[in-house]
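Asker: Pasting in a structure now, in structure tokens, and then I'll have a few things to ask.
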There are 2 protein chains.
Amino acid sequence: MKTFKITIAYDGTDYVGWQRQASGISIQGVLEDALRDLDQREVIVTGAGRTDAGVHAFGQVASLAIERPMDAAVLVRALNARLPPTIQVVDAEEAAERFHARFDAARKSYRYRIWNAEVPSPFERAYAWHLSGALDVDAMREAATLVVGRRDFAALQAAGSATATTVREVYSSIVQVVTEGGEVVDRQANRGRLIVYNVTGNGFLRHMVRNIVGSLVEIGRGRRPVSWMTEILGQRSRALAGPTAPPHGLALVAVEYGLQSLSTNTTSEIDG
Amino acid sequence: MKTFKITIAYDGTDYVGWQRQASGISIQGVLEDALRDLDQREVIVTGAGRTDAGVHAFGQVASLAIERPMDAAVLVRALNARLPPTIQVVDAEEAAERFHARFDAARKSYRYRIWNAEVPSPFERAYAWHLSGALDVDAMREAATLVVGRRDFAALQAAGSATATTVREVYSSIVQVVTEGGEVVDRQANRGRLIVYNVTGNGFLRHMVRNIVGSLVEIGRGRRPVSWMTEILGQRSRALAGPTAPPHGLALVAVEYGLQSLSTNTTSEIDG
């Protein structure tokens, strides 16, 4: 048996999310089907982040073990040959037997994209939240910085979630506007702007990024002051925060691991 | 009757192209259906460029005339309310009665995108030509500059095309690599690079941009020297040029008009 760490990109549009569900097609399910065909046995794939329906990934990471001897490059090709074009393995490497993509994850980065224009973009309909009307990006940028730090994020967790702890550390939380530079803007026909929110932390609660974005948009709309973000974070209840931003604007960009997690058997912190 | 110039963005993936065909759904057909519903009569929409099946547009321009009195902003909203999310009108303005989106076009810009990576991107599968393996971008860039100028482009025209003249002027022809700057590259999981070809001219022959790209790729692969582009351009036959690049990497980015074409009744050159 060899354990692998694989990196996966997927367009989440047509899937019920990462995790296997009672009905519908999941990313995990499609990967496990491909691995069953490859290894001629049931293979369990453990993802670093359990992305919701419609959420995308450029760098989801998963751990798995297979019996059939093969090296990482062959595994990438063999899996991609069995995967649909909406799910592709972009990298693989051998990992320690005890490597666990979720428990060992040290940092995760998510991105949320807002297409701020009067008219929806045919190219962003599945990849950005379309919002017309004015958004005060400076206020959103300032409010985003208030999220940084180690704190209890219970107020930004999906209602009804049960996790051991709601304390997480956010390392960076940045709002950017893509207004020039060619490629991206031109793709949108120059009739709007892309507001991109990038956040990195040691872990995220269910819907946490989407709830941050929903709150940032309330502030950007001028319905709430920048200081409202501090108020929200001071609560333990979901009641105060803004609405949950829709899933299709969200993407899991990268998952990082400590050097030792891939090569040794140390036990790391649990990351919900 | 009021004449309008409208600017349209569309994802060409699921359409048979701009122009109405005997079977299949065309962009023109969808727009004319929406206009018939709006104006309660048959309305003819004339596009600046007749894009092929699978080709996209960020700034296609079309001319049309409607009887029902309405201003440009209302027309945009009324049309978008009747259009699918894959076709959206991003702008409209009133134009002179004799304005003709195709005959009056002074400059057109096209873009071709190549996703150069070992693994296809789930996000670029409908928007870029996936090419794995090495591509010498410096050679491609140099060869692209050879296309600039007023010349006979017969050798880069689709076989069997019949046009009055095959002389066109190319104003700029640039190969760029998107390797950094965040947004675009990160969307691709940093496992490849996007090679973007931008070309502007007074008009283009059928398949001309895709034939230029097919030839640039032959040069990028090292199968032909940079000077081969000059050889191709010296021919009058399609036989020499590289293969036609696939349609889904191509997008009509913008169509520009002389100041007078929108406000007066001057007759302009024909642009095939």
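We name chains A, B, ... following the order of the structure tokens; residues begin at 1 in each chain, and ligands are numbered from 1 as shown.
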Which chain B residues are at most 6 Å from chain A (counting only C-alpha atoms), as a short mmCIF file (atom, residue, chain, number, x, y, z; two decimals) with N, CA, C and O atoms, in the first residue's frame?

Answerer:
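The new file selection_9.cif reads:
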```cif
data_model
loop_
_atom_site.label_atom_id
_atom_site.label_comp_id
_atom_site.auth_asym_id
_atom_site.auth_seq_id
_atom_site.Cartn_x
_atom_site.Cartn_y
_atom_site.Cartn_z
N TYR B 10 -21.43 36.83 -25.09
CA TYR B 10 -22.04 35.49 -25.06
C TYR B 10 -21.01 34.38 -24.91
O TYR B 10 -19.88 34.49 -25.36
N ASP B 11 -21.46 33.34 -24.26
CA ASP B 11 -20.71 32.11 -24.13
C ASP B 11 -21.18 31.24 -25.30
O ASP B 11 -22.31 30.77 -25.31
N PHE B 58 -17.11 38.95 -26.07
CA PHE B 58 -17.23 39.86 -24.93
C PHE B 58 -17.79 41.18 -25.41
O PHE B 58 -18.36 41.93 -24.64
N GLY B 59 -17.60 41.44 -26.70
CA GLY B 59 -18.04 42.72 -27.24
C GLY B 59 -18.48 42.62 -28.69
O GLY B 59 -18.06 43.42 -29.52
N PRO B 85 -28.98 33.29 -19.65
CA PRO B 85 -27.78 33.81 -18.98
C PRO B 85 -26.52 33.69 -19.83
O PRO B 85 -25.52 34.36 -19.55
N THR B 86 -26.53 32.88 -20.87
CA THR B 86 -25.35 32.72 -21.74
C THR B 86 -25.24 33.81 -22.80
O THR B 86 -24.23 33.89 -23.50
N PRO B 122 -10.42 22.32 -15.44
CA PRO B 122 -11.90 22.26 -15.44
C PRO B 122 -12.51 23.62 -15.78
O PRO B 122 -13.64 23.67 -16.24
N ALA B 189 -5.07 26.95 -10.62
CA ALA B 189 -4.36 26.12 -9.66
C ALA B 189 -2.84 26.18 -9.83
O ALA B 189 -2.14 25.32 -9.32
#
```

Asker: Among region 51-255 of chain A, which residues does DSSP mark as alpha helix (DSSP H) when it is run on the backbone? Keep the chain and numbering as in the structure and answer as number ranges by chain.

Answerer: A: 72-80, 137-145, 183-187, 208-220, 228-234

Asker: With only C-alpha atoms as the counted atoms, please give the residues lying no more than 9 Å from Gly47 (chain B), apart from itself and same-chain residues fewer than 6 positions off, as a list in words.

Answerer: Trp18, Gln19, Gln28, Gln60, Val61, Ala62, Ser63, His100, Ala101 and Arg102 of chain B

Asker: Save the residues we just selected, N, CA and C atoms, as a compact mmCIF listing (two decimals), in the first residue's frame?

Answerer:
```
# COMPACT_ATOMS: atom_id res chain seq x y z
N TRP B 18 -22.92 32.60 -34.47
CA TRP B 18 -23.72 33.82 -34.53
C TRP B 18 -24.94 33.66 -35.43
N GLN B 19 -24.67 33.19 -36.64
CA GLN B 19 -25.69 33.24 -37.69
C GLN B 19 -26.74 32.14 -37.63
N GLN B 28 -27.81 34.91 -33.10
CA GLN B 28 -28.69 35.82 -33.84
C GLN B 28 -30.15 35.40 -33.67
N GLN B 60 -19.30 41.64 -29.00
CA GLN B 60 -19.93 41.59 -30.32
C GLN B 60 -20.83 42.83 -30.44
N VAL B 61 -20.93 43.39 -31.64
CA VAL B 61 -21.81 44.54 -31.84
C VAL B 61 -22.85 44.17 -32.90
N ALA B 62 -24.07 44.63 -32.70
CA ALA B 62 -25.12 44.36 -33.69
C ALA B 62 -25.97 45.61 -33.88
N SER B 63 -26.55 45.72 -35.08
CA SER B 63 -27.48 46.82 -35.35
C SER B 63 -28.88 46.24 -35.54
N HIS B 100 -24.86 50.26 -39.89
CA HIS B 100 -24.82 48.84 -40.21
C HIS B 100 -23.62 48.23 -39.46
N ALA B 101 -23.90 47.37 -38.49
CA ALA B 101 -22.85 46.87 -37.59
C ALA B 101 -21.70 46.22 -38.35
N ARG B 102 -21.99 45.55 -39.48
CA ARG B 102 -20.91 44.85 -40.18
C ARG B 102 -20.18 45.77 -41.15
```

Asker: A:Asn211, A:Thr163, A:Thr3, A:Gln21: which is nearest Ala72 (chain A), counting only C-alpha atoms?

Answerer: A:Thr3

Asker: List the spatial neighbours of Val175 (chain A) as a ChimeraX atom specification - criterion: any atom at most 12 Å away, only C-alpha atoms, same-chain residues fewer than 4 positions off excluded.

Answerer: /A:111-114,136-147,194-199,212-213,216-217,220

Asker: Neighbouring residues of region 237-240 of chain A were defined as those with any atom within 9 Å, considering only C-alpha atoms; residues of the same chain fewer than 6 positions away were excluded. Please report them as a VMD selection string.

Answerer: chain A and resid 154 to 159 231

Asker: Grab the residues selected above and save them as a compact mmCIF listing (two decimals), in the first residue's frame with N, CA and C atoms.

Answerer:
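Saved result, result33.txt, follows:
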```txt
# COMPACT_ATOMS: atom_id res chain seq x y z
N ALA A 154 -17.88 31.79 16.16
CA ALA A 154 -19.20 31.17 16.27
C ALA A 154 -20.28 31.97 15.54
N ALA A 155 -20.16 33.30 15.57
CA ALA A 155 -21.18 34.15 14.95
C ALA A 155 -21.19 34.03 13.44
N LEU A 156 -20.13 33.44 12.87
CA LEU A 156 -20.06 33.34 11.41
C LEU A 156 -20.18 31.89 10.95
N GLN A 157 -20.63 31.04 11.84
CA GLN A 157 -20.79 29.63 11.52
C GLN A 157 -22.23 29.39 11.07
N ALA A 158 -22.42 28.40 10.18
CA ALA A 158 -23.78 28.05 9.76
C ALA A 158 -24.60 27.68 10.98
N ALA A 159 -25.85 28.14 11.01
CA ALA A 159 -26.74 27.82 12.14
C ALA A 159 -26.84 26.31 12.28
N GLU A 231 -18.65 44.12 15.88
CA GLU A 231 -19.84 43.73 16.66
C GLU A 231 -20.21 42.27 16.43
```

Asker: Counting only C-alpha atoms, what is within 9 Å of Arg210 (chain B), bar same-chain residues fewer than 2 positions away, as a list in words?

Answerer: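 Within the cut-off, the hits are Tyr112, Leu156, Arg206, His207, Met208, Ile212, Val213, Gly214, Ser215, Pro243, Thr244, Ala245, Pro246, Pro247, Gly249 and Leu250 of chain B.
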
Asker: State, in Å with one decimal place, the distance from CA of Ser173 (chain B) to CA of Thr200 (chain B).

Answerer: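 The value is 6.6 Å.
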
Asker: Between CA of Glu97 (chain B) and CA of Arg20 (chain B), what distance in Å does the model show, to one decimal?

Answerer: 23.6 Å

Asker: Extract, using only C-alpha atoms, all DNA, RNA and protein residues at most 7 Å from Glu256 (chain A), discarding same-chain residues fewer than 2 positions from it, and format them as a ChimeraX atom specification.

Answerer: /A:105-108,254,258

Asker: Please compute the CA of Glu169 (chain B)-CA of Ala48 (chain B) distance, one decimal, in Å.

Answerer: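 Rounded to one decimal, the two atoms are 16.8 Å apart.
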
Asker: DSSP on the backbone: what in region 89-174 of chain B comes out strand (DSSP E or B), as a ChimeraX atom specification?

Answerer: /B:89-95,105-117,129-131,149-152,167-174
